$ cat entry_7.pdb   # PDB, C-alpha atoms and all ligand atoms
ATOM      1  CA  GLY G   1      22.928 -13.821 -19.207
ATOM      2  CA  SER G   2      26.528 -14.909 -19.869
ATOM      3  CA  HIS G   3      29.539 -15.110 -17.513
ATOM      4  CA  MET G   4      28.059 -17.402 -14.873
ATOM      5  CA  THR G   5      25.215 -14.990 -14.223
ATOM      6  CA  PRO G   6      22.348 -17.253 -13.242
ATOM      7  CA  GLN G   7      19.118 -16.302 -14.894
ATOM      8  CA  LEU G   8      15.760 -16.214 -13.232
ATOM      9  CA  LEU G   9      13.813 -19.240 -14.354
ATOM     10  CA  GLU G  10      10.108 -18.987 -14.911
ATOM     11  CA  GLU G  11       9.546 -21.241 -11.918
ATOM     12  CA  GLN G  12      11.658 -18.957  -9.720
ATOM     13  CA  GLU G  13       9.702 -15.930 -10.940
ATOM     14  CA  ARG G  14       6.506 -17.692  -9.894
ATOM     15  CA  LEU G  15       7.975 -18.543  -6.486
ATOM     16  CA  ILE G  16       8.867 -14.895  -5.871
ATOM     17  CA  ALA G  17       5.406 -13.766  -6.963
ATOM     18  CA  THR G  18       3.821 -16.317  -4.584
ATOM     19  CA  LEU G  19       5.976 -15.161  -1.646
ATOM     20  CA  ILE G  20       5.239 -11.483  -2.301
ATOM     21  CA  GLU G  21       1.517 -12.201  -2.453
ATOM     22  CA  ALA G  22       1.703 -14.295   0.751
ATOM     23  CA  HIS G  23       3.461 -11.430   2.526
ATOM     24  CA  ARG G  24       1.045  -8.765   1.294
ATOM     25  CA  LYS G  25      -1.912 -10.853   2.462
ATOM     26  CA  THR G  26      -0.432 -11.187   5.946
ATOM     27  CA  TYR G  27       1.202  -7.782   6.500
ATOM     28  CA  ASP G  28      -1.235  -4.908   6.845
ATOM     29  CA  ALA G  29       0.841  -1.763   6.417
ATOM     30  CA  SER G  30      -2.057   0.397   7.659
ATOM     31  CA  TYR G  31      -1.683  -1.254  11.092
ATOM     32  CA  SER G  32      -5.434  -0.740  11.599
ATOM     33  CA  ASP G  33      -5.774  -3.884  13.761
ATOM     34  CA  PHE G  34      -3.456  -2.472  16.437
ATOM     35  CA  SER G  35      -6.312  -0.656  18.201
ATOM     36  CA  GLN G  36      -7.756  -4.087  19.065
ATOM     37  CA  PHE G  37      -4.744  -4.940  21.245
ATOM     38  CA  ARG G  38      -4.784  -4.119  24.941
ATOM     39  CA  PRO G  39      -3.709  -0.458  24.985
ATOM     40  CA  PRO G  40      -0.054   0.539  25.417
ATOM     41  CA  LYS G  41       0.748   1.910  28.885
ATOM     42  CA  ARG G  42       3.759   4.147  28.941
ATOM     43  CA  GLY G  43       4.876   4.979  32.451
ATOM     44  CA  ASP G  44       7.249   7.724  31.463
ATOM     45  CA  GLY G  45       6.034  11.277  31.827
ATOM     46  CA  SER G  46       2.408  10.430  32.429
ATOM     47  CA  PRO G  47       0.811  11.867  35.576
ATOM     48  CA  GLU G  48      -0.074   8.366  36.774
ATOM     49  CA  CYS G  49       3.601   7.441  36.673
ATOM     50  CA  ARG G  50       4.936  10.500  38.430
ATOM     51  CA  ASN G  51       2.545   9.758  41.261
ATOM     52  CA  ALA G  52       2.931   5.995  41.217
ATOM     53  CA  THR G  53       4.267   6.124  44.778
ATOM     54  CA  ASN G  54       1.015   7.599  46.139
ATOM     55  CA  PRO G  55      -1.751   5.784  44.261
ATOM     56  CA  PHE G  56      -4.314   6.017  47.069
ATOM     57  CA  LEU G  57      -3.670   9.696  47.846
ATOM     58  CA  MET G  58      -3.824  10.399  44.124
ATOM     59  CA  SER G  59      -7.126   8.669  43.603
ATOM     60  CA  LEU G  60      -8.691  10.492  46.582
ATOM     61  CA  LEU G  61      -7.379  13.896  45.494
ATOM     62  CA  ASN G  62      -8.426  13.425  41.878
ATOM     63  CA  SER G  63     -11.958  12.200  42.486
ATOM     64  CA  ASP G  64     -15.045  12.907  44.527
ATOM     65  CA  MET G  65     -14.483   9.760  46.583
ATOM     66  CA  ASP G  66     -13.987  10.283  50.282
ATOM     67  CA  GLU G  67     -13.152   6.666  50.999
ATOM     68  CA  LEU G  68     -10.398   4.317  49.966
ATOM     69  CA  PRO G  69     -11.433   1.837  47.291
ATOM     70  CA  LYS G  70     -12.636  -1.394  48.947
ATOM     71  CA  ALA G  71     -10.626  -3.862  46.891
ATOM     72  CA  SER G  72      -7.055  -2.667  46.766
ATOM     73  CA  ALA G  73      -6.093  -4.779  43.774
ATOM     74  CA  SER G  74      -5.920  -1.896  41.324
ATOM     75  CA  GLY G  75      -4.148   0.256  43.882
ATOM     76  CA  ALA G  76      -1.576  -2.424  44.548
ATOM     77  CA  GLU G  77      -0.958  -2.691  40.833
ATOM     78  CA  ALA G  78      -0.363   1.023  40.576
ATOM     79  CA  ALA G  79       1.852   0.972  43.652
ATOM     80  CA  ALA G  80       4.002  -1.681  42.030
ATOM     81  CA  GLY G  81       4.929   1.072  39.568
ATOM     82  CA  ASP G  82       5.202   0.707  35.842
ATOM     83  CA  GLU G  83       6.924  -2.625  35.832
ATOM     84  CA  LEU G  84       5.840  -4.473  32.712
ATOM     85  CA  SER G  85       3.267  -1.789  31.864
ATOM     86  CA  MET G  86       3.879  -2.293  28.107
ATOM     87  CA  LEU G  87       3.760  -6.088  28.329
ATOM     88  CA  PRO G  88       0.024  -6.587  27.602
ATOM     89  CA  HIS G  89       0.152  -4.433  24.449
ATOM     90  CA  LEU G  90       3.425  -5.838  23.100
ATOM     91  CA  ALA G  91       2.405  -9.414  23.973
ATOM     92  CA  ASP G  92      -0.797  -8.868  21.959
ATOM     93  CA  LEU G  93       1.204  -7.343  19.069
ATOM     94  CA  VAL G  94       3.574 -10.315  19.015
ATOM     95  CA  SER G  95       0.782 -12.907  19.380
ATOM     96  CA  TYR G  96      -1.049 -11.236  16.464
ATOM     97  CA  SER G  97       2.188 -11.210  14.452
ATOM     98  CA  ILE G  98       2.745 -14.928  15.134
ATOM     99  CA  GLN G  99      -0.674 -15.618  13.607
ATOM    100  CA  LYS G 100       0.326 -13.606  10.528
ATOM    101  CA  VAL G 101       3.665 -15.437  10.275
ATOM    102  CA  ILE G 102       1.770 -18.754  10.372
ATOM    103  CA  GLY G 103      -0.477 -17.498   7.560
ATOM    104  CA  PHE G 104       2.625 -16.518   5.555
ATOM    105  CA  ALA G 105       4.294 -19.909   6.200
ATOM    106  CA  LYS G 106       1.246 -21.832   5.002
ATOM    107  CA  MET G 107       1.456 -20.108   1.619
ATOM    108  CA  ILE G 108       5.141 -20.994   1.060
ATOM    109  CA  PRO G 109       5.466 -23.864  -1.424
ATOM    110  CA  GLY G 110       6.748 -26.914   0.466
ATOM    111  CA  PHE G 111       5.595 -25.928   3.956
ATOM    112  CA  LYS G 112       2.241 -27.704   3.928
ATOM    113  CA  GLU G 113       3.933 -30.846   2.587
ATOM    114  CA  LEU G 114       5.955 -31.176   5.818
ATOM    115  CA  CYS G 115       4.470 -33.164   8.692
ATOM    116  CA  THR G 116       2.702 -31.066  11.326
ATOM    117  CA  GLU G 117       5.441 -31.782  13.892
ATOM    118  CA  ASP G 118       8.105 -30.299  11.619
ATOM    119  CA  GLN G 119       5.873 -27.337  10.771
ATOM    120  CA  ILE G 120       5.567 -26.665  14.511
ATOM    121  CA  SER G 121       9.318 -27.069  15.135
ATOM    122  CA  LEU G 122      10.164 -24.607  12.352
ATOM    123  CA  LEU G 123       7.590 -22.047  13.473
ATOM    124  CA  LYS G 124       8.491 -22.240  17.165
ATOM    125  CA  ALA G 125      12.170 -21.725  16.441
ATOM    126  CA  SER G 126      11.845 -18.973  13.826
ATOM    127  CA  ALA G 127       8.774 -16.985  14.947
ATOM    128  CA  ILE G 128      10.717 -14.264  16.786
ATOM    129  CA  GLU G 129      13.300 -14.047  13.964
ATOM    130  CA  ILE G 130      10.635 -13.608  11.283
ATOM    131  CA  ILE G 131       8.845 -11.038  13.458
ATOM    132  CA  ILE G 132      12.117  -9.123  13.804
ATOM    133  CA  LEU G 133      12.598  -9.295  10.009
ATOM    134  CA  ARG G 134       9.037  -8.272   9.090
ATOM    135  CA  SER G 135       9.108  -5.444  11.636
ATOM    136  CA  ASN G 136      11.831  -3.772   9.557
ATOM    137  CA  GLU G 137       9.000  -2.533   7.363
ATOM    138  CA  SER G 138       7.708  -0.321  10.201
ATOM    139  CA  PHE G 139      11.172   0.640  11.468
ATOM    140  CA  THR G 140      12.398   4.132  10.648
ATOM    141  CA  MET G 141      15.943   5.477  10.957
ATOM    142  CA  GLU G 142      14.479   8.949  11.500
ATOM    143  CA  ASP G 143      14.167   8.286  15.227
ATOM    144  CA  ASN G 144      15.072   4.579  15.478
ATOM    145  CA  SER G 145      11.503   3.557  16.229
ATOM    146  CA  TRP G 146       8.965   1.123  14.858
ATOM    147  CA  THR G 147       6.297   3.569  13.699
ATOM    148  CA  CYS G 148       2.936   1.938  13.085
ATOM    149  CA  GLY G 149       0.639   4.873  12.446
ATOM    150  CA  SER G 150      -0.168   7.244  15.295
ATOM    151  CA  ASN G 151       2.143   8.107  18.210
ATOM    152  CA  GLU G 152       0.266   5.579  20.334
ATOM    153  CA  PHE G 153       1.694   2.813  18.122
ATOM    154  CA  LYS G 154       5.227   4.172  17.826
ATOM    155  CA  TYR G 155       7.596   1.829  19.677
ATOM    156  CA  GLN G 156      10.947   2.951  21.017
ATOM    157  CA  ILE G 157      13.577   1.172  23.091
ATOM    158  CA  GLY G 158      12.077   2.564  26.311
ATOM    159  CA  ASP G 159       8.699   1.028  25.472
ATOM    160  CA  VAL G 160      10.192  -2.428  25.035
ATOM    161  CA  MET G 161      12.089  -2.000  28.313
ATOM    162  CA  GLN G 162       8.695  -1.391  29.953
ATOM    163  CA  ALA G 163       7.762  -4.868  28.733
ATOM    164  CA  GLY G 164      10.684  -6.198  30.779
ATOM    165  CA  HIS G 165      13.377  -6.449  28.095
ATOM    166  CA  LYS G 166      16.925  -5.227  28.630
ATOM    167  CA  LEU G 167      19.554  -3.433  26.584
ATOM    168  CA  GLU G 168      21.522  -6.663  26.030
ATOM    169  CA  LEU G 169      18.747  -7.500  23.542
ATOM    170  CA  LEU G 170      17.485  -4.057  22.578
ATOM    171  CA  GLU G 171      20.790  -2.466  21.623
ATOM    172  CA  PRO G 172      21.757  -5.165  19.082
ATOM    173  CA  LEU G 173      18.091  -5.386  17.982
ATOM    174  CA  VAL G 174      17.998  -1.705  16.994
ATOM    175  CA  LYS G 175      21.452  -1.989  15.370
ATOM    176  CA  PHE G 176      20.127  -4.939  13.381
ATOM    177  CA  GLN G 177      17.124  -2.896  12.232
ATOM    178  CA  VAL G 178      19.359   0.005  11.154
ATOM    179  CA  ASN G 179      21.701  -2.271   9.204
ATOM    180  CA  MET G 180      18.747  -4.051   7.576
ATOM    181  CA  LYS G 181      17.285  -0.701   6.554
ATOM    182  CA  LYS G 182      20.644   0.235   5.009
ATOM    183  CA  LEU G 183      20.620  -2.917   2.848
ATOM    184  CA  ASP G 184      17.585  -1.322   1.164
ATOM    185  CA  LEU G 185      16.194  -4.689   0.071
ATOM    186  CA  HIS G 186      13.684  -5.146  -2.718
ATOM    187  CA  GLU G 187      10.381  -6.688  -1.629
ATOM    188  CA  ALA G 188      11.437  -9.950  -3.378
ATOM    189  CA  GLU G 189      14.636 -10.101  -1.313
ATOM    190  CA  HIS G 190      12.802  -9.245   1.930
ATOM    191  CA  VAL G 191      10.243 -12.057   1.499
ATOM    192  CA  LEU G 192      12.862 -14.576   0.345
ATOM    193  CA  LEU G 193      14.934 -13.850   3.457
ATOM    194  CA  MET G 194      11.939 -14.534   5.715
ATOM    195  CA  ALA G 195      11.210 -17.801   3.885
ATOM    196  CA  ILE G 196      14.886 -18.873   4.055
ATOM    197  CA  CYS G 197      14.881 -18.124   7.796
ATOM    198  CA  LEU G 198      11.793 -20.317   8.298
ATOM    199  CA  PHE G 199      13.242 -23.256   6.347
ATOM    200  CA  SER G 200      16.333 -23.732   8.515
ATOM    201  CA  PRO G 201      17.016 -27.470   8.757
ATOM    202  CA  ASP G 202      19.102 -27.148  11.949
ATOM    203  CA  ARG G 203      16.226 -26.081  14.238
ATOM    204  CA  PRO G 204      15.629 -28.269  17.298
ATOM    205  CA  GLY G 205      13.205 -31.147  16.778
ATOM    206  CA  VAL G 206      13.137 -31.159  12.967
ATOM    207  CA  GLN G 207      12.755 -34.754  11.716
ATOM    208  CA  ASP G 208      12.842 -34.445   7.940
ATOM    209  CA  ARG G 209      15.956 -32.254   7.765
ATOM    210  CA  CYS G 210      16.623 -33.189   4.118
ATOM    211  CA  ARG G 211      13.228 -31.963   2.923
ATOM    212  CA  VAL G 212      13.666 -28.671   4.814
ATOM    213  CA  GLU G 213      17.186 -28.262   3.428
ATOM    214  CA  GLU G 214      15.982 -28.911  -0.135
ATOM    215  CA  VAL G 215      13.386 -26.162   0.105
ATOM    216  CA  GLN G 216      15.890 -23.790   1.734
ATOM    217  CA  GLU G 217      18.455 -24.433  -1.012
ATOM    218  CA  HIS G 218      15.859 -23.738  -3.668
ATOM    219  CA  LEU G 219      14.993 -20.457  -1.913
ATOM    220  CA  THR G 220      18.648 -19.390  -1.560
ATOM    221  CA  GLU G 221      19.334 -20.250  -5.219
ATOM    222  CA  THR G 222      16.352 -18.105  -6.190
ATOM    223  CA  LEU G 223      17.684 -15.257  -4.027
ATOM    224  CA  ARG G 224      21.158 -15.473  -5.615
ATOM    225  CA  ALA G 225      19.655 -15.474  -9.091
ATOM    226  CA  TYR G 226      17.347 -12.569  -8.253
ATOM    227  CA  ILE G 227      20.208 -10.429  -6.934
ATOM    228  CA  ALA G 228      22.384 -11.289  -9.921
ATOM    229  CA  CYS G 229      19.676 -10.390 -12.473
ATOM    230  CA  ARG G 230      17.622  -7.672 -10.880
ATOM    231  CA  HIS G 231      19.696  -5.811  -8.392
ATOM    232  CA  PRO G 232      21.580  -2.795  -9.805
ATOM    233  CA  LEU G 233      25.233  -3.614 -10.417
ATOM    234  CA  SER G 234      26.519  -0.977  -7.986
ATOM    235  CA  CYS G 235      24.416  -2.366  -5.122
ATOM    236  CA  LYS G 236      24.619  -6.125  -5.517
ATOM    237  CA  HIS G 237      28.209  -6.328  -4.352
ATOM    238  CA  MET G 238      28.232  -8.744  -1.419
ATOM    239  CA  LEU G 239      24.472  -8.353  -0.913
ATOM    240  CA  TYR G 240      23.825 -12.101  -0.767
ATOM    241  CA  THR G 241      26.656 -12.548   1.756
ATOM    242  CA  LYS G 242      25.363  -9.670   3.869
ATOM    243  CA  MET G 243      21.882 -11.223   3.858
ATOM    244  CA  VAL G 244      23.217 -14.588   5.007
ATOM    245  CA  GLU G 245      25.104 -12.784   7.798
ATOM    246  CA  LYS G 246      21.763 -11.346   8.939
ATOM    247  CA  LEU G 247      20.535 -14.913   9.539
ATOM    248  CA  THR G 248      23.447 -15.469  11.931
ATOM    249  CA  GLU G 249      22.680 -12.231  13.781
ATOM    250  CA  LEU G 250      19.033 -13.319  14.065
ATOM    251  CA  ARG G 251      20.105 -16.529  15.829
ATOM    252  CA  SER G 252      21.888 -14.577  18.514
ATOM    253  CA  LEU G 253      18.961 -12.126  18.915
ATOM    254  CA  ASN G 254      16.680 -15.172  19.197
ATOM    255  CA  GLU G 255      18.865 -16.673  21.916
ATOM    256  CA  GLU G 256      18.948 -13.438  23.954
ATOM    257  CA  HIS G 257      15.200 -12.957  23.496
ATOM    258  CA  SER G 258      14.563 -16.484  24.825
ATOM    259  CA  LYS G 259      16.561 -15.783  27.978
ATOM    260  CA  GLN G 260      14.842 -12.476  28.665
ATOM    261  CA  TYR G 261      11.392 -13.884  27.810
ATOM    262  CA  LEU G 262      11.900 -16.688  30.345
ATOM    263  CA  GLN G 263      12.677 -14.090  33.031
ATOM    264  CA  ILE G 264       9.689 -11.918  32.053
ATOM    265  CA  SER G 265       7.262 -14.834  32.022
ATOM    266  CA  GLN G 266       8.458 -15.818  35.495
ATOM    267  CA  ASP G 267       8.204 -12.221  36.803
ATOM    268  CA  ALA G 268       4.774 -11.527  35.306
ATOM    269  CA  VAL G 269       2.310 -11.313  38.180
ATOM    270  CA  ASN G 270      -0.684 -11.271  35.864
ATOM    271  CA  LYS G 271      -0.419 -14.477  33.924
ATOM    272  CA  GLU G 272      -3.150 -13.179  31.563
ATOM    273  CA  ASP G 273      -0.557 -10.692  30.270
ATOM    274  CA  LEU G 274       0.754 -13.465  28.027
ATOM    275  CA  PRO G 275      -1.756 -14.766  25.437
ATOM    276  CA  PRO G 276      -2.052 -18.585  25.089
ATOM    277  CA  LEU G 277      -0.523 -18.681  21.567
ATOM    278  CA  LEU G 278       2.509 -16.753  22.800
ATOM    279  CA  LEU G 279       2.943 -19.196  25.704
ATOM    280  CA  GLU G 280       2.726 -22.111  23.272
ATOM    281  CA  VAL G 281       5.274 -20.697  20.845
ATOM    282  CA  PHE G 282       7.803 -19.133  23.252
ATOM    283  CA  GLY G 283       7.226 -21.491  26.152
ATOM    284  CA  ASN G 284       5.234 -21.525  29.374
ATOM    285  CA  PRO G 285       7.565 -21.891  32.361
ATOM    286  CA  THR G 286       4.683 -22.289  34.819
ATOM    287  CA  ALA G 287       3.125 -25.169  32.848
TER     288      ALA G 287
HETATM  289  O1  LIG U 301       5.997  -4.008  11.825
HETATM  290  O2  LIG U 301       9.109 -11.087  24.822
HETATM  291  C1  LIG U 301       5.446  -6.609  13.087
HETATM  292  C2  LIG U 301       4.394  -5.656  12.549
HETATM  293  C3  LIG U 301       4.880  -4.203  12.651
HETATM  294  C4  LIG U 301       5.221  -3.822  14.069
HETATM  295  C5  LIG U 301       6.129  -4.804  14.718
HETATM  296  C6  LIG U 301       7.152  -4.299  15.499
HETATM  297  C7  LIG U 301       8.102  -5.082  16.242
HETATM  298  C8  LIG U 301       8.846  -4.625  17.314
HETATM  299  C9  LIG U 301       8.634  -3.307  18.012
HETATM  300  C10 LIG U 301       5.810  -6.212  14.499
HETATM  301  C11 LIG U 301       8.232  -3.511  19.484
HETATM  302  C12 LIG U 301       9.194  -4.525  20.216
HETATM  303  C13 LIG U 301       9.330  -5.830  19.434
HETATM  304  C14 LIG U 301       9.823  -5.492  18.012
HETATM  305  C15 LIG U 301      10.228  -6.864  17.451
HETATM  306  C16 LIG U 301      10.689  -7.679  18.700
HETATM  307  C17 LIG U 301      10.499  -6.734  19.891
HETATM  308  C18 LIG U 301       7.963  -6.558  19.426
HETATM  309  C19 LIG U 301       5.727  -7.097  15.495
HETATM  310  C20 LIG U 301      10.423  -7.364  21.290
HETATM  311  C21 LIG U 301      11.811  -7.752  21.777
HETATM  312  C22 LIG U 301       9.532  -8.614  21.416
HETATM  313  C23 LIG U 301       9.125  -8.866  22.857
HETATM  314  C24 LIG U 301       8.071  -9.975  22.945
HETATM  315  C25 LIG U 301       7.896 -10.512  24.371
HETATM  316  C26 LIG U 301       7.467  -9.429  25.355
HETATM  317  C27 LIG U 301       6.832 -11.604  24.347
HETATM  318  O3  LIG U 301       4.962  -7.943  13.051
END
$ encode --input "entry_7.pdb" --output "structure tokens"
Amino acid sequence: GSHMTPQLLEEQERLIATLIEAHRKTYDASYSDFSQFRPPKRGDGSPECRNATNPFLMSLLNSDMDELPKASASGAEAAAGDELSMLPHLADLVSYSIQKVIGFAKMIPGFKELCTEDQISLLKASAIEIIILRSNESFTMEDNSWTCGSNEFKYQIGDVMQAGHKLELLEPLVKFQVNMKKLDLHEAEHVLLMAICLFSPDRPGVQDRCRVEEVQEHLTETLRAYIACRHPLSCKHMLYTKMVEKLTELRSLNEEHSKQYLQISQDAVNKEDLPPLLLEVFGNPTA
């Protein structure tokens, strides 16, 4: 440990162990809860989609009914096409993930010591960024998808577009995932990055900026020391810098997501598509 190479202190080792445990307790890599979400509806290729222009004819031809359905609500929905067909499933996935991120946050040393208002400000501002970071675990460069078990829970760009998002977000989002994958982070680095992202003192509404900054500096110092001591010499070149750059990219993805989310939440005909927690965290324009 000579030549300015910081060494990992026992306290920093414990911090890393705590963060890894917090992440493992809140990230289920079997994705077995996903079947509890409202099911994904993919318009593309399905018979229902190809015939979305003739929902009434279709239902008469494909059933023993000889009359039009009395209430046309479901028919009108089908006639509207597959606009936002993936929104219920992805909104449930993201609402579920927010709950897991909250669970993770509560186990980070220093978070519970903040006042509730600051806890809320940090979570509201970083939730989508931490979700984007944690989702890298399910992302695969094989086909640029988030693969969470079966084909039903494999998410591609087209699926997210069917939740109302546009390429202005999705193209840089997938690029971000690919570049994150290429960094090939250790679990310690992955969890430290999520914690550093959460403890950003410059988020709107944060009162006790100094306390947040102190915790963030302790986390970044631990990350630097970890990379210096544990990351193979050939790989650690510029790794810390590249990780900090990812935080900047996350801010711009966050900003674009906010814009598109506002549009989606205004367009959504079925207000039940968006779960209450999601409305609280990302905003409820109709409230
Ligand atoms: O890794 O505006 C993780 C758990 C798993 C799966 C996962 C994937 C995340 C994805 C793939 C997680 C689908 C599209 C998502 C993307 C991250 C962000 C992006 C959810 C969530 C969407 C732009 C978010 C849209 C949300 C909304 C419709 C409300 O936790």
$ resolve_selection --input "entry_7.pdb" --expression "the PyMOL selection byres (((not hetatm)) within 6 of (chain U and resi 301))" --output "PDB file with C-alpha atoms, keeping the file's coordinate frame"
ATOM      1  CA  LEU G  87       3.760  -6.088  28.329  1.00  0.00           C
ATOM      2  CA  LEU G  90       3.425  -5.838  23.100  1.00  0.00           C
ATOM      3  CA  ALA G  91       2.405  -9.414  23.973  1.00  0.00           C
ATOM      4  CA  LEU G  93       1.204  -7.343  19.069  1.00  0.00           C
ATOM      5  CA  VAL G  94       3.574 -10.315  19.015  1.00  0.00           C
ATOM      6  CA  SER G  97       2.188 -11.210  14.452  1.00  0.00           C
ATOM      7  CA  ILE G 131       8.845 -11.038  13.458  1.00  0.00           C
ATOM      8  CA  ILE G 132      12.117  -9.123  13.804  1.00  0.00           C
ATOM      9  CA  ARG G 134       9.037  -8.272   9.090  1.00  0.00           C
ATOM     10  CA  SER G 135       9.108  -5.444  11.636  1.00  0.00           C
ATOM     11  CA  GLU G 137       9.000  -2.533   7.363  1.00  0.00           C
ATOM     12  CA  SER G 138       7.708  -0.321  10.201  1.00  0.00           C
ATOM     13  CA  TRP G 146       8.965   1.123  14.858  1.00  0.00           C
ATOM     14  CA  TYR G 155       7.596   1.829  19.677  1.00  0.00           C
ATOM     15  CA  VAL G 160      10.192  -2.428  25.035  1.00  0.00           C
ATOM     16  CA  ALA G 163       7.762  -4.868  28.733  1.00  0.00           C
ATOM     17  CA  TYR G 261      11.392 -13.884  27.810  1.00  0.00           C
TER      18      TYR G 261
END
$ residues_around --input "entry_7.pdb" --residues "Ala188 of chain G" --least-positions-apart "6" --cutoff "9 Å" --atoms "only C-alpha atoms" --output "list in words"
Ile16, Ala17, Leu19, Ile20, Leu223 and Tyr226 of chain G
$ resolve_selection --input "entry_7.pdb" --expression "the PyMOL selection byres (((chain G and resi 191) around 10) and not hetatm)" --output "PyMOL selection string"
chain G and resi 16-24+104+130+133-134+185-190+192-197+223
$ residues_around --input "entry_7.pdb" --residues "Val281 of chain G" --least-positions-apart "4" --cutoff "9 Å" --atoms "only C-alpha atoms" --output "list in words"
Ile98, Ile120, Leu123, Lys124, Ala125, Ala127, Pro276 and Leu277 of chain G
$ residues_near_point --input "entry_7.pdb" --point "(23.8, -9.6, 21.6)" --cutoff "12 Å" --atoms "only C-alpha atoms" --output "PyMOL selection string"
chain G and resi 166-176+248-260
$ write_last_selection --input "entry_7.pdb" --atoms "C-alpha atoms" --output "compact mmCIF listing (two decimals), in the frame of the given file"
# COMPACT_ATOMS: atom_id res chain seq x y z
CA LYS G 166 16.92 -5.23 28.63
CA LEU G 167 19.55 -3.43 26.58
CA GLU G 168 21.52 -6.66 26.03
CA LEU G 169 18.75 -7.50 23.54
CA LEU G 170 17.48 -4.06 22.58
CA GLU G 171 20.79 -2.47 21.62
CA PRO G 172 21.76 -5.16 19.08
CA LEU G 173 18.09 -5.39 17.98
CA VAL G 174 18.00 -1.70 16.99
CA LYS G 175 21.45 -1.99 15.37
CA PHE G 176 20.13 -4.94 13.38
CA THR G 248 23.45 -15.47 11.93
CA GLU G 249 22.68 -12.23 13.78
CA LEU G 250 19.03 -13.32 14.06
CA ARG G 251 20.10 -16.53 15.83
CA SER G 252 21.89 -14.58 18.51
CA LEU G 253 18.96 -12.13 18.92
CA ASN G 254 16.68 -15.17 19.20
CA GLU G 255 18.86 -16.67 21.92
CA GLU G 256 18.95 -13.44 23.95
CA HIS G 257 15.20 -12.96 23.50
CA SER G 258 14.56 -16.48 24.82
CA LYS G 259 16.56 -15.78 27.98
CA GLN G 260 14.84 -12.48 28.66
$ residues_near_point --input "entry_7.pdb" --point "(17.0, -22.7, 8.4)" --cutoff "9 Å" --atoms "only C-alpha atoms" --output "VMD selection string"
chain G and resid 122 126 195 to 203 212 to 213 216 247
$ write_last_selection --input "entry_7.pdb" --atoms "C-alpha atoms" --output "PDB file, keeping the file's coordinate frame"
ATOM      1  CA  LEU G 122      10.164 -24.607  12.352  1.00  0.00           C
ATOM      2  CA  SER G 126      11.845 -18.973  13.826  1.00  0.00           C
ATOM      3  CA  ALA G 195      11.210 -17.801   3.885  1.00  0.00           C
ATOM      4  CA  ILE G 196      14.886 -18.873   4.055  1.00  0.00           C
ATOM      5  CA  CYS G 197      14.881 -18.124   7.796  1.00  0.00           C
ATOM      6  CA  LEU G 198      11.793 -20.317   8.298  1.00  0.00           C
ATOM      7  CA  PHE G 199      13.242 -23.256   6.347  1.00  0.00           C
ATOM      8  CA  SER G 200      16.333 -23.732   8.515  1.00  0.00           C
ATOM      9  CA  PRO G 201      17.016 -27.470   8.757  1.00  0.00           C
ATOM     10  CA  ASP G 202      19.102 -27.148  11.949  1.00  0.00           C
ATOM     11  CA  ARG G 203      16.226 -26.081  14.238  1.00  0.00           C
ATOM     12  CA  VAL G 212      13.666 -28.671   4.814  1.00  0.00           C
ATOM     13  CA  GLU G 213      17.186 -28.262   3.428  1.00  0.00           C
ATOM     14  CA  GLN G 216      15.890 -23.790   1.734  1.00  0.00           C
ATOM     15  CA  LEU G 247      20.535 -14.913   9.539  1.00  0.00           C
TER      16      LEU G 247
END
$ atom_distance --input "entry_7.pdb" --atom1 "atom CA of Tyr27 of chain G" --atom2 "atom CA of Asn144 of chain G"
20.6 Å
$ atom_distance --input "entry_7.pdb" --atom1 "atom CA of Arg38 of chain G" --atom2 "atom CA of Leu84 of chain G"
13.2 Å
$ closest_residue --input "entry_7.pdb" --among "G:Arg211, G:Ile128, G:Arg224, G:Lys246" --to "Lys181 of chain G" --atoms "all atoms listed in the file"
G:Lys246
$ closest_residue --input "entry_7.pdb" --among "G:Lys41, G:Arg209, G:Lys182, G:Lys271" --to "Leu114 of chain G" --atoms "only C-alpha atoms"
G:Arg209
$ atom_distance --input "entry_7.pdb" --atom1 "atom CA of Ala287 of chain G" --atom2 "atom CA of Thr116 of chain G"
22.3 Å
$ residues_around --input "entry_7.pdb" --residues "segment 5-13 of chain G" --least-positions-apart "6" --cutoff "7 Å" --atoms "all atoms listed in the file" --output "MDAnalysis selection string"
chainID G and resid 222 225:226 228:229
$ residues_around --input "entry_7.pdb" --residues "Asp118 of chain G" --least-positions-apart "3" --cutoff "8 Å" --atoms "all atoms listed in the file" --output "list in words"
Leu114, Cys115, Ser121, Leu122, Gly205, Val206, Gln207 and Asp208 of chain G
